[in-house]
Structure formats: C-alpha cells, structure tokens
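Engineer: My questions all concern the structure below.
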Amino acid sequence: LLKSAALFDLCAAKSPPAGAPNALELAQQCMNTAFATISTPGKLDTATVLNCGKGFAAIGRKRFESKNYIHSVLPILMSLHCFEKNPSSQQLHLRYAMLGSSLKQCNKFQHAAVAYGIAVKSAICSDRTEQELDSLVAASLYASGDVEAGATGAIVTNLINCVISSEGDSEPKQLPPSTEKILDGSTVGAVFNAACSTETLSIAKIFRAAMSHGTSAYTSHYAFNLSSCNVLRQLGRMMSSSNSGLPNSVLARHVAEVYDAANSGDVLLQCNAQLVYARSMMVPFKQEFKKLKALFKLSRDATSKLKDLDQRKYSPLFVAASLILNAELGMNIKDEKNKFVSYLNDALEICKENVSSCSRSSLSTVLANLQNFFTFLRDTVRSSQCAGLLSKCGSEPKRGVLEFISNAYLHAGMNDLAANIDTNGDIGEIVLKFRGESIETLGDYIKELYGMLDRAEDECIRDGDESQQWKVVLVCAALSEAEEKRANPAEALFYTRKAIIVCKTAIRGGGGRKWMGALVESLTNMGKLWGLLGDKRRAEGYLVAAGECLGLPMGGKDDIEVIDLEEGEGEEEDGDTLSSFNYEVVRERAGSTSNELLVEHVSKKMRLLAMPPEMTVDVAKKELKVDLVKEVKEMDIERNIEVVLGLLSQGDALRRVCEGFDNGFVSKYSSAKEILNTLLDDDLGRLVERAIATVGVLGAEAGRHAVGRLGDLKGQVNVRIARAMEIVDGWGEDVEKIYQAVRKDENAHGRERSVACYRLGRAILRRGRGELRSLWSGDKVDEEGDIGRARELFLEASKTCGPGTSSLGRKIYRCLGLVAGPRGDFGEGSSLGGFAAVYNLHKSLGASVRMNVWYNLGGEDRDGGEDCDEEVRRLFGILDDQELGLKEGARELELVVKKYLPEDWNVVNVAVCPSGEILVGSMRKDGDNVVGAVGCVFEDDAENERRGGGFLMQSFDTLDLLLEKSRRQLDGIDPAMAKKFGEKEKREWWRQRQDIDNGLKKLMEDVQVGLVEASKLKGLFLVGHGAAEVEVEEGGAGVADDLSKKFEAACVIDLTNDDEDEEVVGEELETLTEKDIKKMTVAVLKENILERDEGASLKGLKKAGLQSLLLEIVERRRIKGGVKSCEVKNGALKSSAMENSESRGNDDKKTTIILTLDERLQRLPWESMPMLEKLFVCRVPSLPFVLSSLIEKRGQMTKIRKKNCFYILDPEGNLPTTKKTLNPVLESYAGQKGWGWKGYVGRIPDITVLERLEREDGLMIYCGHGGAECCFPRVEVEERLMNKKRGCKSSVFLFGCSSGRLSSGGGAKRGVGAVFKQMEYEPDGVATSYLGAGAPCVLGNLWDVSDRDIDRFCIEFMDKFFTGGKNVAQCVSESRGVCKMRYVVGAAVVVYG
C-alpha cells in the first residue's frame, strides 16, 4: 500500500492522461488503508511498523521538498505514529521538527510551535535517565550557563518565530479533514490542547504541556529548565544580532516570560536559570548600564545560593563557575571594575582546593574557562597555574602544559624563566634563541619560523583544530617580533595582519575569551606598526578597533578608518580629526586590565605624536598627571610592563615640549626605571616560579639559554634615561656609557640600538663642524677623525632604524648623507659616488606615502597579483627594502632610472638635516649615464645668533606671518560684505593685499639668495639652463620650452576628434588688456561694459568695481570667442612638442625640474623663486612617483582625452561668483566643442562618480571649497582607487583653497622653531591620496586663496591648456601672471606628478 502511495505521488507530479483518476486521492486512500492496519494493535510487529514509518516519512519529505506542504502533513504525522512505538531508535526531535516546518508553511503557527516544542523535549529527554538530566544541568552550571543541551539552535529559533508569528493576522490554510483528524489525535494535538487551555499561546506553556506529557515529575522539571535555558540563549543571540528581523521589544517580552517560568523548582534549577539569563542578556544589555548592573546582581545572588548549598552533596565548582560569570559582568561595570579580578582569583582557589575531590571533566570545564580569562587578561602567573591544574587532572599532557607556561613567560618577556623549563616547544625554542642573538643573525631563525607557519596553516586547513589556529597566531607573533627587532615594520605588519584574520575566524567560530585578548593585542600592534610606517590614519583605525573590542569608549570621526571585524580589514583626516579624539580612553582607571592599559598608552602616544608640540601640553595635561605607578601589582607581570610603557609615553609627550629643561619628563622616566628594576629583580623570578611550581609541572634544566629578561623594554628605558640626562645635564661620560651599552646589547631591538648610535653620532658631529665644512669643500677627511667616527655610527644606525617613515629614520639617513659628503663616502671601503648619495637622501623623503602605495600593491605578499605591475611595485619598494645595502639599492634604482627617466628631466631633492644644514640633491640622465650630485647649505652660526635664529627659521616665520595676514583678510569676506565697503576701505584692503603679495615675492627672492645662490647650488636646480636662458623677457617669449615628449605624460591635452573639423561659433576675440581697463575713466568703463553685456547692473559701483566687472566680462568673452578649432591631420592633432618647436624655431631644449621636498620645505612655493618661475616645475612626494606613470604606460605617453573629462562646480552652492564666472566657460568647452563633458553644478555628485577616474587618460576639474572632500572624502578615494592597485587613471585639477596643502601631525606649527622640533609624521593630504591612487597629475593650491583671483587663474589656465596644446606645468607657469596677486594667489598653485 505504501509503495502504491509513493507511485501515485509520482503520477500526481506528471501531467495525467485525459480521464485518469486523481492520483493524489488514490495515494491518500492507500496511506489511510495502511495507517488503519498499523493502528490496529497486534496486527504488525515492531520492525514492520518502523519500516512503514520510514515509508510514510519518505512520502512526506518528498511532498515537502516539492512544496506540497498541505499534503505533506499527513504522511509525516503517520510516520511519527509509527516511530513513537520505539522512540529510542529514531531521531524523533528531527522528525517533529520536520512536522513543525510543514505546519509552519501552512500558516498553522500554533500547531507548528507545539511540534517544535516536542522536538526540543525529544532532544533533551530521549533515552536519558534522571541522573543524566541532572548531569546536563550540572554541565550548564560548570560552564556558568554557557553550554547548551539537546536541541539545535535552529529548532529553538523556529519555535520562537512560530510563537511570535501566531500573534499575527495570518490566516491558516485549511488541511484535509482526514489530516485534521489525525493531527487532533496525535501527540501534537494533545499537547496543543493542554497548552492552549487559554486564548494566548506562550513558549512556557508549550514547554509545560510538552514536558508533562508522558514523563515523570522529576524529568519534567529538569527538562523544562533545560529547554527554557536553551530558548533564553537563543533569544539573547537574536537580540544581539541585527539580522533577526524582529523588534527587540517583542523578543524582550518573551525573554521575561520564559525566564519567569524557568526560575522555579529547586535551588539548583533556579541558579541555572539565573546564570543562563545573565549570560544570555550580557551582550544585548551591554550599553544599558542599569540593566547590566541588574544582571550582575542576579549573578551574585545565584553565587550566594550556590555557596549555601551542602558542599558534600553539590559540587563546589558550581560556585567557582558562577564567580567567573560575576567577573565577566563586573569588568563592564564601573563600580565593580576594580573587583572583578578577585572573583577570578577566588574561583582559582576553589579549583586548587578541590583538584582531587571533584570530577575531572567538571574541573576541566571550569579551569579551561579560567585559563581563557587569565590569558585574555595576560596574567602570566595565574594562566600558567590553570595550565598546571589541567595537567594534574589529566585534561592536558604535561608537555603541552610546559609549552603553554613557556609561551606565557616569553610573552611577558621573562626569558630567563622560560629557559628554566625543560620543554619550550618549537616556537619557544626559536624565540629564546633569536631574542639572545644579534640582529645580523636573525635570518636563519626567521626562515625556521616561516616553515613552521606553513605547516601550521596546512594543518589548520586540514583539521580546523583550535590548537593549530592558536599555533598560527603564536608563530605570527614570533615572526612579527623578529621582524620588528631587525627594524622591518612592513614585514611585521604582514604577519600581524595574518594573526588578526585567524583570531577573527576563531571568534566567529565560538572561540573563548583568550582569542579576544589575542585580537586586541594584534590590532594594537597593527596600529603601532602603521604608526612606524607613517600612516597615522590607518594607525588610528586599528587602535579604535582594538578599544571597541574591549568595550572602551573610543571616540572618532567619520574620516578615521574603523576596522570592520566582521568583514575583514578595512582602514581618516588631518590633525584636526586626531586632536578631537576622545582622550578618555578608559572610563575608570581603577582596575584597568593589561589590555586596556596597552590600548590606552599606545593610542594616546599615537595621538600626541599626531599633534603639534605646542598643542600637546594643553590637550594631554590631565592624562600626564595620572599616577600610573598606582597600577603596579605584585606579580601581574604584563600589567606592570604596560605601566612602564605608559610612563615612557607620558615622558615622551612632555619631553617633546621641554624646551631644554625638565618639565616633569625626568620623573616619568625615573618611575619607569624603578618599576623595571623590580621586574628584573631575581626575587620576582623566584616568587613567580614558586607560585607556578605549586602545580608540580616545572622542569629544572637551568641556564640552557643565556637570554636576559625584558631585554627590549630595558633598552627602551635606558635610551630615555640617557636622553633625559643629555637634555638636563648635557653630554657626559655617564650618558655616553648608557648609549654604548644599549648599542652593544643584543637583546635590545633595532630601534633602540639605532637611537643609541644616532645620539652618539650627533655628539661627535657637534665636535667636528670644521671638519664637516672641509668635507663639503672637497677636502678628504681622516677616517679616524670625528667625521669618520660619526659616519660609522650613522651607517650602523641606518641598518637598524627601519624605513624613513619615522622621524628617527629620516634623521639618521640625512645625518648619514651629511657625513658621507658629495662623493658618497659611506665608510664601506670606497666612495659610492654622487648617485648613491642622492639615493640615500631620497630614502628620507616621502617614505610614508610610497610605503602606503607599496602596501596596496601587495608589497607584503611578495606578489601583487594579476592587476599589479611588478616593476611598479618594486619601484615603490626599492628605497625601503631593509635587505638591500646602499650599494645594491643604488645600483638597482640606477637601472630603473636609466631605463625610464627622460634626459631633460632633473629630479631635485631638498631636505633639512637635524643639525640645521640643508642637503640638495640632483638626479638626471646624461646619455647612457645617470648623474647624481649633492650639495650642502651651511648657515653661518655667528650670523644666526646675531639675527636671532637661522635663515630657514626666519623664512618660515615670515611665510606664516604672511599667510596668517592673508587668511584674516579673507575670513568672513563675501560679495555682500564687499559691497558695503567704501572707496577708502577698498583702497586700504587692496593696499594690505598688495603688501602681502610683495612680502611673499620678497621672501622667495631671499630664499633664492640665502639658500641657493649663497651656497652656489644654483647649478643643481638649473642643469640644462644657461644664464641667458634663465634671464627671460617679461612677456615670456622663448620660455615656453619644448618639454620632452615623455613629459607630455604629465598631461598634454589630446584633442583628437572623431568628427570632422568644426567651425567654432563664438564672439570676436577680445583685445582689451588689464592695462587698458585701468586707464579708462568711469564713463568709458560703463560704455565698454554695456557694449559687451546690456543687462549688466552698474548701480552703486565705483571705479574699482567697474574695472573688476569689465575685466571679468572680457575674460569670459575671450574664452567663449577665443577657442580655436583644432588643426587635424589624419584624424589627430599635432603634438604640443611639434607645435612649440614650429613656433619657436630652433630654441634650445630646456630641462623640466621635479622637486622632492622634505616635510617642512614643501610648504614653500619654490616654483615662484625668480630663477624657477618661468620654467616648468613640478613636485612629487617621493622619487617613485616620477617614474611610475611611465612604467605603467609601458613608455606610452599619458594624455588627457577630451571626451573623458568631467567637472564639479560649486557643489555646496555657496560660491555664486565663482559659479557665475566659470559656468559659461566650462559649458563652452563641454557644449560648443561637442566634447560631451558631464558637469555637476551646484550639487554634490554621488560617490559612484569617483569611478569615472578609473577611465584611462581622463580628467576631473573641481572648482569649489577645499580639495573636493565634500564630494569624495579621502578615505573613499583611497578605498575605491588606491586599494584597486592604483586604479585612478585620470588627472585631477583642484582649484579650491588649500587643495594642494600637505599637513603633518607632530611638527611645530611653523615647521622649525627656536628649538628644533622634528615632525613625527610626514605630511600628506588630498593630493597625495590621488597621487597614491595612480593619478598622473594633481593640480592644487598650497594655501587659501581669494575666489575671484583663482577664478581668473582658472580661466587663463584652461585657455592655455585646452586651446594651446601646452602641458600642465607650462600652463601653470604662464598663468600665474594673470592673477592680480601674482604671489599670494598665483604662487599657491602647484603641480604634483
């Protein structure tokens, strides 16, 4: 009969022949007949009944899968009737869940909920004795409510959803009468009738009815408790998730109802319900302080009840487990934060006391939770004690426990204690070895760790075992430490990132709290490493993520990249964003954990470094007064280490603004030294070993590795103590002795050894000033003299300082260049030449932005992938490759330069040395040779003293004064206010404006005379320009030099037109000049205005206003009428180089100058020095940007194609004058020429518009405020373009105020102060974001400018660029003169790229 029913079901699924009977009805008849036989007692044996049940189940499943839900209910009900005759042999809970799913699809939510409820009961009670149910409750208590019993989460979730859905308006579908009859007579029907004795249905009622059906009272109570706890856990997860689709208010109502029902029965069941409820609601209530406090009180009440139980009858481990939950809740509550560790300690003591009397499995559960917690807290001693107890109760092998304790010691820096253990494990052995070795010998150990990582990752993939995941994290941490020791932060970054990925995977898989601790530590380390690599915004992002993992109130702005812990890495704005960061990182200091102290001191250090020193004291004053010494605990080693590091950070912040006297930084360093001495004391080591030895697992083979304790921390403290003595008392033997000790300490990291070498070298350099001048005069110096010794120290420092992304690295490379002299004598046996000297200097310029590009090209993966040009990736990595020596690195770069650098390009780099000298380098190609030369500018010490400071310092003071005057003049000035000015006020305003302009002109003349001509370094800038070539006529004839064909990559307009030549329809070309207009009387001005614009309003305009209006009208008409049709031959325009050469005849070829300027000098408008203002001058942040576009285009020139352009004009709608002036001009190019430009006028375009920059040879023109951040924030530019392997293929013209400004946190406001203040971070800005993303050219303004003058420049520039076929640099140079304020506005415009 059942086989017939199955066949009829198959027939029903096909198209039946005409007149055939209803196959579905026949199937039903067969099943009914079979079911009647089965239901007759004694007819069939049990085995046959079970086989029939499988037949019914197969038919039901088939109907369900084909979505015939109404008819699937009957066979499933019949199958359950069969299976209930022998429930122990069948998975009844899954079969009832299938029935629930069928009923749910029929909108019979109440019956479905009952079916799911019976499924939960079956999962818990099936084939279990009363003692086994008791054990399930105990297991839940041992895990402080964290262990589920019985049914899966999916069944419980469906139960909850059905109960909630039953409260809705959905109309249930009508089942066939025979189905309804069998349903009413089934177990589901019986439980439904009992649960629905009242109108409302609830989860508790379903459970009460289900558990009471056919079970004893004892079983019913325990099953009810366990089932309710499962529901509480699932409701908690649903409330914590944003994907549940149900309002939290509805879920909270059911939580309250289920908890009230579960909190009954004997004390043990009540305590279980309380602990489960407290744990389940901990995350949903995390931000609600009152509710969180109520949960904590509930957990403590449960603990008290468990303590009152008879300990001879009930396990004392119940109390220990509840104490762990108290600690978890207490650490998030301000008033309890300083007590939560005591709960953990009490739990550990209970475990110690009952290690021999409690069951091993229950003890292991509690100890594993404790160990996880202590590992998260980085409590070396107690986590090791837990490991020992686990070994004692047989849960962990002794060898594994010894390895754990060894790793805990090593993590805390207690190397000598780890060496006393007879089993350190593979990782521990290598870590011990490389910590005691010199930096030069680390390579072999790193290779061993590489192999170990590969094997661990393979095992992870194969087995998915948590222990293997933890091993991967440990190996990554060891590799990161080794790479940091040898000053290779980029490689350390790669392994730390890998550790983060593993931690996140483990946490998503339900890993314990120790994984969160590992994640926090890895994120913090990632932030620290990005800080060393100069990316303060990425550093901020990782530190914010670390703080948020701990629940700390980490402030932040929209432009700070916050790492997405769900989807992977992510990864912000100027110093303003950082200075507004919430410095109260920890709510309450008392009881701060090691992790919190770690995040706190690293994040505060980063933020203080990202601020100008003059702001540091005010912002950080409160924090610097905090007495961290109170945080010290007796044996909490890692907590004490964080206190030491925190004190060092506080001292560093004060030292940056000490101005040569002790402002409190010495006491911070002294306190750190005092705590460190305690940590280094042998008594502490013996105390720790005795505490852990109580568990009886330590070995005793002492002295196998002679590795000092806390060697890295010792080096950090000592260099600061020496620096404090040097500042306060001056240089002396004691200071030198400390530095020499750190220099020779093999346990110290590379950075501290570099600091020691650098300070020793600076001290010798101060004595050798005369010898230094002789070196740069061309004389040879004695290798045994001061310069020779300083050179040896700086060279040694350069090998361990890392890339030039940090202020230390930049100082060292520049000092090394200073003592190497013009011949590049780096003390390696022979002079390496001028090119090596230039190469070394470039290492200190723009390292942060080039490292960022290198990273995004896949630098750390050693494989950029299919989309990455390996040659470009290598180009961005050459200067910072720590494995290359100066000779090898210079040779590799020379080959790239020889291959790609055009002969008429001169790359000039300028940098200030820490001792005040200025190094100027030049790199160019001469035939098949690459020529490098370096010069040095010395400032006269006596003259500096007479003038009250160095010339450079005075130049920056002057620049700041002029720009501040200009800013104040422009602040608050709008057209409405300008109209209110009287004639006298206008004249005074323009007089002041002219004074600023004249001052800026005088400043750049003085810079040329004082820095370039006085040092006879003019030739380094003007290679290829003779004297006659520099002295050009006013009109600039003969100066529009023929840029090499390759420089047209830096953007020549390609006016190739697909259409036939177009006749330009426009007005007659304007001939009026600004001089003509200034000579006109008021009457003549009005006549000329009305001739050109009949609708012009002249009311109230004085002479100056009329002149300005006429000038604007003339400029608009000139653009409209003066755009000439393109000369096309064979469908293409002649290149600009051809046109220029035709128009000039046989003029000599000139050199293009590309400036690479250091972090302070980039603020000056070098392009407007008299000797450069008529030439083609660009700037780049770093050398690789000079060549990258040429390499990417494979020698093909980058051009701007007219149909790939778009523009954004006044997107914020608050620049009406600019909009009125420029809109007709832009429309003329877009419309009259048929180029089809897309314009966004008066509105902010959608962020997806940014994707237009991915078009090859395109262009974005932006005319609005700033650098288009209102449209495209920097984080979006970098995420969408830079992270796409330099996806930006278009150039960018930014005409807004300060759009080309690069700012740096950490430096004095004026760049150079009375006391030298080195910037920690290199400057960056919108321009570097676009350049890093791949833009061949970015045009921007160095400072704020007036709108009408920059509009005037914009019109002139576009006229020359789009109609004259000239390159960008040439057009900028020639357009500056059109500005009324030639310097305060015209000099602001610079070209990057």
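Residues in the structure tokens are named by chain (A, B, ... in the order shown) and by number from 1 within that chain; ligands are numbered from 1 in the order shown.
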Run DSSP on the backbone and give me the residues of region 1240-1290 of chain A it puts in strand (DSSP E or B), as a PyMOL selection string.
Structural biologist: chain A and resi 1240-1241+1259-1263
Engineer: What separation in Å, quoted to one decimal, exists between CA of Gly145 (chain A) and CA of Arg279 (chain A)?
Structural biologist: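 For CA of Gly145 (chain A) relative to CA of Arg279 (chain A), the distance reads 6.6 Å.
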Engineer: For Gly551 (chain A), which residue out of A:Ser165, A:Ser1015, A:Val520, A:Ser315 is the nearest one, using only C-alpha atoms?
Structural biologist: A:Val520
Engineer: Could you please determine the separation between CA of Cys1337 (chain A) and CA of Thr805 (chain A) in Å, to one decimal place?
Structural biologist: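 The value is 23.6 Å.
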Engineer: Near region 442-450 of chain A, counting only C-alpha atoms, which residues have an atom at most 12 Å away, once you skip same-chain residues fewer than 5 positions from it, shown as a count of residues only?
Structural biologist: 41
Engineer: Compile the contact shell of Ile76 (chain A) as a ChimeraX atom specification: residues with an atom at most 12 Å away, counting only C-alpha atoms, same-chain residues fewer than 5 positions apart removed.
Structural biologist: /A:31,35,52-64,69-71,81-83,92,94-103,115,179,182-183,186,188
Engineer: To one decimal place, how far is CA of Arg1376 (chain A) from CA of Val1390 (chain A) in Å?
Structural biologist: 10.3 Å
Engineer: Near Gly153 (chain A), within 9 Å and counting only C-alpha atoms, which residues show up once chain neighbours fewer than 6 positions away are dropped, as a ChimeraX atom specification?
Structural biologist: /A:230-231,233-234
Engineer: Measuring atom to atom with only C-alpha atoms, identify which of A:Gly651, A:Gly927, A:Gly512, A:Gly1296 is nearest to Val717 (chain A).
Structural biologist: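 Closest to Val717 (chain A) of all the choices is A:Gly651.
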Engineer: Just list as a VMD selection string whatever in region 132-364 of chain A DSSP marks as helix (DSSP H, G or I).
Structural biologist: chain A and resid 132 to 142 153 to 165 177 to 185 187 to 195 203 to 212 217 to 240 248 to 262 267 to 282 289 to 308 317 to 330 334 to 336 340 to 353 360 to 364
Engineer: May I have the residues within 10 Å of Asn193 (chain A) as a ChimeraX atom specification, using only C-alpha atoms and disregarding those fewer than 5 positions away in the same chain?
Structural biologist: /A:111,114,184,187-188,198,206,209
Engineer: Ala748 (chain A): which residues within 12 Å, counting only C-alpha atoms, same-chain residues fewer than 3 positions away excluded, as a ChimeraX atom specification?
Structural biologist: /A:413,434-439,481-482,484-487,707-719,739,741-745,751-756,800
Engineer: Of the candidates A:Gly117, A:Pro1273, A:Pro1336, A:Gly511, which one gets nearest to Ile160 (chain A) if we count only C-alpha atoms?
Structural biologist: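 Result for the nearest residue to Ile160 (chain A): A:Gly117.
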Engineer: In terms of the shortest atom-to-atom distance over only C-alpha atoms, which of A:Phe876, A:Leu1253, A:Met1004, A:Asn856 is closest to Val1186 (chain A)?
Structural biologist: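 Looking only at the distances to Val1186 (chain A), the closest residue turns out to be A:Phe876.
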Engineer: Quick one: of A:Lys668, A:Leu550, A:Val156, A:Thr375, who's nearest to Asn332 (chain A), counting only C-alpha atoms?
Structural biologist: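 Among the listed residues, the smallest separation from Asn332 (chain A) belongs to A:Leu550.
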